[in-house]
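A short worksheet on the structure shown next.
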Amino acid sequence: MAMTETRPAPQAAAATAGAPADRAGLAGWLSTSDHKRIGRLYIATALLFLLVGGVIGELLAVERVSNGFDVLTAGSFAQAYTFHGEVALWLFLVPLLLGIATFIVPLQVGSPEIAFPRGSATAYWSYVVSGGLLIGAYLANGGPSGGQPAAVDLHLLALAGLTVATLLGLVSVLTTALTMRAGGMALGDVPAFTWSVVVGGSLTLLTAPVLLARLAILYVTHHFGGSYDLNDYGAIGWMFSVPQVYLVAVPAAGVALEIVPVVSGRKLRRRGASMVIIGLLGVVGLGAWAQVPSSFDDFLYVAIGLAAIVPPLALLGLLADSLRNGRPAPRAALLLAMGSVLLLLAGAAVGALSVIDGLDLRGTVWEAAQVHLVLTGAAWLGALAAIWWWAPKLYGVVLSEAAGALAFVTTFVGTLVLAAPDLVNGMANDVPLRATHFGSSGARALNAVSAIGGGLVALGAVVVVLSLLAAGLRKGQRAEADPWGGHTLEWSTTSPPPPSNFSAPVPPVTSPTPLLDEVDA
């Protein structure tokens, strides 16, 4: 089967005509083109990279407790700083969300498989290889201001490889959502999570080529004798700042819109408004144009920074309406989803203040706090909500509610404790990004508090990993097909789904909530 081969949509073929079963054992995992296995591989690999990023993050936090360097040198501190951000975004969060989408989207739209299945597998293995090259480049003294020219070149090539892998994976998922939906399912009827992937993925397809072009320029410049230091790193640093950072959190909004109505026992009111909110969140996260300092004073930059508050605020109101009119059951997934939205709103408010020129917050640790609220808080909690919610499909078991609640508390509280000291240091003490010397003992004390917050977030990650490992040992305890009373197609098949996703052809779908309509009928 060629990489670009795609089988007919479910309305044109029986569900049993999907992807063939993989071979048993390790060979099956290494050669799989089953989107469900690929999704699980993404999740497991991203969590492994999370451990790497967490260790680097705590090293950075410890260095900021006192003046000077106790663990790292000046050069290695700068490299560890950029490495931590790249691991968090390109090796952890983006692949984690892409893996969840790779698994769930075909099920939600009623497709027996993903579009371009071997393309999806190629995307995963490209991510693994490029991630290994990125780590190797830093170990060999690469990265910005690195001392080994070949390792610096390898760092840029690894980032390009990760970008291409992300694009290839997104193409498979988006093509599935746009062209392989069940008969009768209009694009306006797709579940909220699938819609959020379409919005966030499509806009990523627009911005990633800009990043590739920047990487190509940096590579050519450095390879032929030019510089590549932290000042030059700003050419790709826009991926970690306002407004581009919001784009990573778009799927988290879709996850919340999946969970809250089901847990509340009510159909989401104003569904059209929810789709518009997700679309607006994607639009305000389109930041490839804001790359140079001269754009930070433009009216458009300030307007988008301020307008970014509107989508999460509207989303919170919509979800609160569902909770108020329903009878929400106490679920860990609900806590994680609502915590994600709250931290997204907090991150947007902090980002809005950062674009106000008179406050002079740009270039300070205030920006780091904003990134932590949106990425460490909103996006990571949204991914956790998705894992707890779809664990019956992902792993065939229901994850522990107590462990989920513990993961929520440690991550939510840890993110606030991690970010709040940087907000104070950024506004009151004017502490710049990547600072290693601090003018007051108060600033250092706040850094110590921030390190504690990072430790809480790391503890939450350990809880998640242990919960998933425990789930893998419960092979004899299979979950029901629909333990939550779900509204969308993925809950109409077994947990976990069969190789072809559905045991029978998917009937025509003419509603965003086909399973709920069956109950009402």
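Identifiers for the structure tokens are assigned positionally: chains receive A, B, ... in sequence, residues are indexed from 1 per chain, and ligands are indexed from 1 in the order shown.
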With the cut-off set at 9 Å and counting only C-alpha atoms, tabulate each residue of region 188-299 of chain A with an atom at most that distance from an atom of region 94-101 of chain A, showing the nearest atom pair and its distance in Å to one decimal, ordered by chain and increasing number, as JSON lines.
{"residue": "A:Phe193", "atom": "CA", "partner": "A:Ala101", "partner_atom": "CA", "distance": 8.3}
{"residue": "A:Thr194", "atom": "CA", "partner": "A:Ala101", "partner_atom": "CA", "distance": 7.6}
{"residue": "A:Val197", "atom": "CA", "partner": "A:Ala101", "partner_atom": "CA", "distance": 7.1}
{"residue": "A:Val248", "atom": "CA", "partner": "A:Val94", "partner_atom": "CA", "distance": 7.0}
{"residue": "A:Pro251", "atom": "CA", "partner": "A:Leu97", "partner_atom": "CA", "distance": 7.4}
{"residue": "A:Ala252", "atom": "CA", "partner": "A:Leu97", "partner_atom": "CA", "distance": 8.7}
Got time to write the residues from that selection, C-alpha atoms, as a compact mmCIF listing (two decimals), in the first residue's frame?
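Generated file (result.txt):
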# COMPACT_ATOMS: atom_id res chain seq x y z
CA PHE A 193 -13.04 18.09 19.34
CA THR A 194 -12.82 17.24 15.64
CA VAL A 197 -8.53 19.94 15.37
CA VAL A 248 -1.69 25.05 20.77
CA PRO A 251 -7.84 21.43 20.91
CA ALA A 252 -8.19 21.84 24.67
key: All residues 10 Å or closer to Trp380 (chain A), only C-alpha atoms, same chain fewer than 5 positions away omitted, as a VMD selection string   = chain A and resid 92 to 93 96 to 97 248 to 249 252 336 340 372 to 375 385 to 386 411 to 412 461
I need the chosen residues saved as a compact mmCIF listing (two decimals), in the first residue's frame, with C-alpha atoms.
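What landed in again_20.txt:
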# COMPACT_ATOMS: atom_id res chain seq x y z
CA PHE A 92 5.71 17.00 24.14
CA LEU A 93 2.56 19.11 23.76
CA LEU A 96 0.62 14.59 22.46
CA LEU A 97 -2.36 16.49 21.06
CA VAL A 248 -1.69 25.05 20.77
CA ALA A 249 -4.59 25.38 23.22
CA ALA A 252 -8.19 21.84 24.67
CA LEU A 336 -9.41 18.80 34.18
CA SER A 340 -7.94 24.01 31.37
CA HIS A 372 3.30 28.57 31.38
CA LEU A 373 -0.38 29.43 31.92
CA VAL A 374 -1.33 28.63 28.33
CA LEU A 375 0.94 25.65 27.62
CA ALA A 385 -8.90 15.71 30.25
CA ALA A 386 -8.87 14.02 26.84
CA THR A 411 -1.14 20.51 37.82
CA PHE A 412 -3.64 23.34 38.32
CA ALA A 461 2.99 14.24 35.43
request  = Would you kindly return, as a ChimeraX atom specification, each protein, DNA or RNA residue with an atom no farther than 9 Å from any atom of Leu316 (chain A), considering only C-alpha atoms and excluding same-chain residues fewer than 5 positions away?
outcome  = /A:311,321,338,341-342,345
request  = Would you list the contacts of Ala403 (chain A) as an MDAnalysis selection string, taking every protein, DNA or RNA residue within 12 Å and counting only C-alpha atoms, but skipping same-chain residues closer than 2 positions in sequence?
outcome  = chainID A and resid 331:333 335:336 384 388 398:401 405:411 459:468 470:471
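In this model, the gap between CA of Leu323 (chain A) and CA of Glu258 (chain A) comes to 12.8 Å.
Across the model, the gap from CA of Pro191 (chain A) to CA of Ala177 (chain A) is 10.2 Å.
The space separating CA of Tyr138 (chain A) from CA of Ala378 (chain A) comes to 28.1 Å.
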Arg270 (chain A): which residues within 12 Å, counting only C-alpha atoms, same-chain residues fewer than 5 positions away excluded, as a PDB file with N, CA, C and O atoms, in the first residue's frame?
ATOM      1  N   LEU A 257     -15.557  21.126  25.398  1.00  0.00           N
ATOM      2  CA  LEU A 257     -16.899  21.121  24.817  1.00  0.00           C
ATOM      3  C   LEU A 257     -17.434  19.715  24.587  1.00  0.00           C
ATOM      4  O   LEU A 257     -18.644  19.534  24.442  1.00  0.00           O
ATOM      5  N   PRO A 261     -20.974  18.914  28.301  1.00  0.00           N
ATOM      6  CA  PRO A 261     -22.386  18.581  28.051  1.00  0.00           C
ATOM      7  C   PRO A 261     -22.749  17.147  28.445  1.00  0.00           C
ATOM      8  O   PRO A 261     -23.824  16.910  28.991  1.00  0.00           O
ATOM      9  N   MET A 275     -18.843  26.627  17.942  1.00  0.00           N
ATOM     10  CA  MET A 275     -17.962  26.484  16.784  1.00  0.00           C
ATOM     11  C   MET A 275     -17.316  27.821  16.427  1.00  0.00           C
ATOM     12  O   MET A 275     -16.141  27.876  16.048  1.00  0.00           O
ATOM     13  N   VAL A 276     -18.065  28.893  16.589  1.00  0.00           N
ATOM     14  CA  VAL A 276     -17.509  30.225  16.336  1.00  0.00           C
ATOM     15  C   VAL A 276     -16.426  30.554  17.354  1.00  0.00           C
ATOM     16  O   VAL A 276     -15.373  31.114  17.015  1.00  0.00           O
ATOM     17  N   ILE A 277     -16.649  30.190  18.615  1.00  0.00           N
ATOM     18  CA  ILE A 277     -15.664  30.458  19.661  1.00  0.00           C
ATOM     19  C   ILE A 277     -14.348  29.756  19.352  1.00  0.00           C
ATOM     20  O   ILE A 277     -13.260  30.338  19.461  1.00  0.00           O
ATOM     21  N   ALA A 314     -15.898  33.670  26.528  1.00  0.00           N
ATOM     22  CA  ALA A 314     -17.159  33.172  25.962  1.00  0.00           C
ATOM     23  C   ALA A 314     -17.281  31.665  26.154  1.00  0.00           C
ATOM     24  O   ALA A 314     -18.370  31.148  26.444  1.00  0.00           O
ATOM     25  N   LEU A 315     -16.169  30.953  25.997  1.00  0.00           N
ATOM     26  CA  LEU A 315     -16.187  29.503  26.197  1.00  0.00           C
ATOM     27  C   LEU A 315     -16.543  29.161  27.639  1.00  0.00           C
ATOM     28  O   LEU A 315     -17.359  28.256  27.885  1.00  0.00           O
ATOM     29  N   GLY A 317     -18.312  30.944  29.697  1.00  0.00           N
ATOM     30  CA  GLY A 317     -19.728  31.221  29.889  1.00  0.00           C
ATOM     31  C   GLY A 317     -20.618  30.137  29.297  1.00  0.00           C
ATOM     32  O   GLY A 317     -21.617  29.738  29.903  1.00  0.00           O
ATOM     33  N   LEU A 318     -20.256  29.631  28.127  1.00  0.00           N
ATOM     34  CA  LEU A 318     -21.037  28.583  27.472  1.00  0.00           C
ATOM     35  C   LEU A 318     -21.012  27.297  28.294  1.00  0.00           C
ATOM     36  O   LEU A 318     -22.050  26.635  28.479  1.00  0.00           O
ATOM     37  N   LEU A 319     -19.842  26.948  28.792  1.00  0.00           N
ATOM     38  CA  LEU A 319     -19.728  25.732  29.596  1.00  0.00           C
ATOM     39  C   LEU A 319     -20.436  25.892  30.939  1.00  0.00           C
ATOM     40  O   LEU A 319     -21.071  24.943  31.429  1.00  0.00           O
ATOM     41  N   ASP A 321     -23.040  27.632  31.462  1.00  0.00           N
ATOM     42  CA  ASP A 321     -24.465  27.517  31.173  1.00  0.00           C
ATOM     43  C   ASP A 321     -24.891  26.051  31.143  1.00  0.00           C
ATOM     44  O   ASP A 321     -25.943  25.686  31.671  1.00  0.00           O
ATOM     45  N   SER A 322     -24.064  25.197  30.539  1.00  0.00           N
ATOM     46  CA  SER A 322     -24.381  23.764  30.503  1.00  0.00           C
ATOM     47  C   SER A 322     -24.373  23.163  31.904  1.00  0.00           C
ATOM     48  O   SER A 322     -25.234  22.350  32.252  1.00  0.00           O
TER      49      SER A 322
END
query = Hey, what does DSSP flag as helix (DSSP H, G or I) within region 236-402 of chain A? Can you give it to me as a ChimeraX atom specification?
reply = /A:236-240,244-264,271-284,293-297,299-307,310-325,332-354,357-359,365-395,401-402
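For the residues A:Tyr246, A:Tyr395, A:Phe103, A:Trp289, ranking by smallest atom-to-atom distance to Leu343 (chain A) using only C-alpha atoms places A:Tyr246 first.
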Find the spatial neighbours of Leu91 (chain A), counting only C-alpha atoms, within a cut-off of 9 Å - ignore same-chain residues fewer than 2 positions away - and output them as a PDB file with N, CA and C atoms, in the first residue's frame.
ATOM      1  N   THR A  45       5.305   8.299  23.655  1.00  0.00           N
ATOM      2  CA  THR A  45       6.578   8.966  23.358  1.00  0.00           C
ATOM      3  C   THR A  45       6.590  10.389  23.880  1.00  0.00           C
ATOM      4  N   ALA A  46       5.478  11.095  23.722  1.00  0.00           N
ATOM      5  CA  ALA A  46       5.402  12.472  24.227  1.00  0.00           C
ATOM      6  C   ALA A  46       5.582  12.516  25.740  1.00  0.00           C
ATOM      7  N   PHE A  49       9.238  12.216  26.554  1.00  0.00           N
ATOM      8  CA  PHE A  49       9.911  13.498  26.341  1.00  0.00           C
ATOM      9  C   PHE A  49       9.535  14.504  27.427  1.00  0.00           C
ATOM     10  N   LEU A  50       8.328  14.371  27.993  1.00  0.00           N
ATOM     11  CA  LEU A  50       7.921  15.247  29.092  1.00  0.00           C
ATOM     12  C   LEU A  50       8.870  15.087  30.277  1.00  0.00           C
ATOM     13  N   GLY A  53      11.968  17.088  29.485  1.00  0.00           N
ATOM     14  CA  GLY A  53      11.725  18.523  29.637  1.00  0.00           C
ATOM     15  C   GLY A  53      11.530  18.926  31.084  1.00  0.00           C
ATOM     16  N   GLU A  86      11.740  24.074  23.503  1.00  0.00           N
ATOM     17  CA  GLU A  86      11.546  23.237  22.320  1.00  0.00           C
ATOM     18  C   GLU A  86      11.002  21.863  22.685  1.00  0.00           C
ATOM     19  N   VAL A  87      11.487  21.302  23.793  1.00  0.00           N
ATOM     20  CA  VAL A  87      10.958  20.011  24.235  1.00  0.00           C
ATOM     21  C   VAL A  87       9.491  20.148  24.617  1.00  0.00           C
ATOM     22  N   ALA A  88       9.152  21.200  25.375  1.00  0.00           N
ATOM     23  CA  ALA A  88       7.779  21.390  25.833  1.00  0.00           C
ATOM     24  C   ALA A  88       6.805  21.513  24.669  1.00  0.00           C
ATOM     25  N   LEU A  89       7.202  22.220  23.611  1.00  0.00           N
ATOM     26  CA  LEU A  89       6.289  22.459  22.499  1.00  0.00           C
ATOM     27  C   LEU A  89       6.355  21.349  21.462  1.00  0.00           C
ATOM     28  N   LEU A  93       3.958  18.697  23.868  1.00  0.00           N
ATOM     29  CA  LEU A  93       2.560  19.107  23.758  1.00  0.00           C
ATOM     30  C   LEU A  93       1.985  18.886  22.358  1.00  0.00           C
ATOM     31  N   VAL A  94       2.662  19.375  21.330  1.00  0.00           N
ATOM     32  CA  VAL A  94       2.127  19.225  19.976  1.00  0.00           C
ATOM     33  C   VAL A  94       1.983  17.754  19.589  1.00  0.00           C
ATOM     34  N   PRO A  95       3.000  16.898  19.793  1.00  0.00           N
ATOM     35  CA  PRO A  95       2.813  15.477  19.472  1.00  0.00           C
ATOM     36  C   PRO A  95       1.748  14.794  20.326  1.00  0.00           C
ATOM     37  N   LEU A  96       1.635  15.180  21.599  1.00  0.00           N
ATOM     38  CA  LEU A  96       0.617  14.589  22.465  1.00  0.00           C
ATOM     39  C   LEU A  96      -0.781  14.876  21.926  1.00  0.00           C
ATOM     40  N   TYR A 127       8.948  12.121  13.681  1.00  0.00           N
ATOM     41  CA  TYR A 127       8.963  12.829  14.963  1.00  0.00           C
ATOM     42  C   TYR A 127       9.958  12.186  15.928  1.00  0.00           C
ATOM     43  N   VAL A 128       9.952  10.863  16.014  1.00  0.00           N
ATOM     44  CA  VAL A 128      10.872  10.169  16.918  1.00  0.00           C
ATOM     45  C   VAL A 128      12.326  10.417  16.517  1.00  0.00           C
ATOM     46  N   GLY A 131      13.243  14.097  17.040  1.00  0.00           N
ATOM     47  CA  GLY A 131      13.387  14.377  18.463  1.00  0.00           C
ATOM     48  C   GLY A 131      14.702  13.853  19.018  1.00  0.00           C
ATOM     49  N   LEU A 162      11.046  18.085  12.805  1.00  0.00           N
ATOM     50  CA  LEU A 162       9.874  18.055  13.670  1.00  0.00           C
ATOM     51  C   LEU A 162       8.707  18.816  13.052  1.00  0.00           C
TER      52      LEU A 162
END
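Using only C-alpha atoms, the nearest neighbour of Tyr124 (chain A) within the list A:Gly39, A:Pro144, A:Gly54, A:Gly25 is A:Gly39.
Comparing the minimum interatomic distances between Gly282 (chain A) and each of A:Pro330, A:Gly143, A:Gly234, A:Gly200, counting only C-alpha atoms, we find that A:Gly200 sits nearest.
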key: Nearest-residue call for Thr494 (chain A), choices A:Ser450, A:Val250, A:Gly396, A:Gly279, using only C-alpha atoms   = A:Gly396
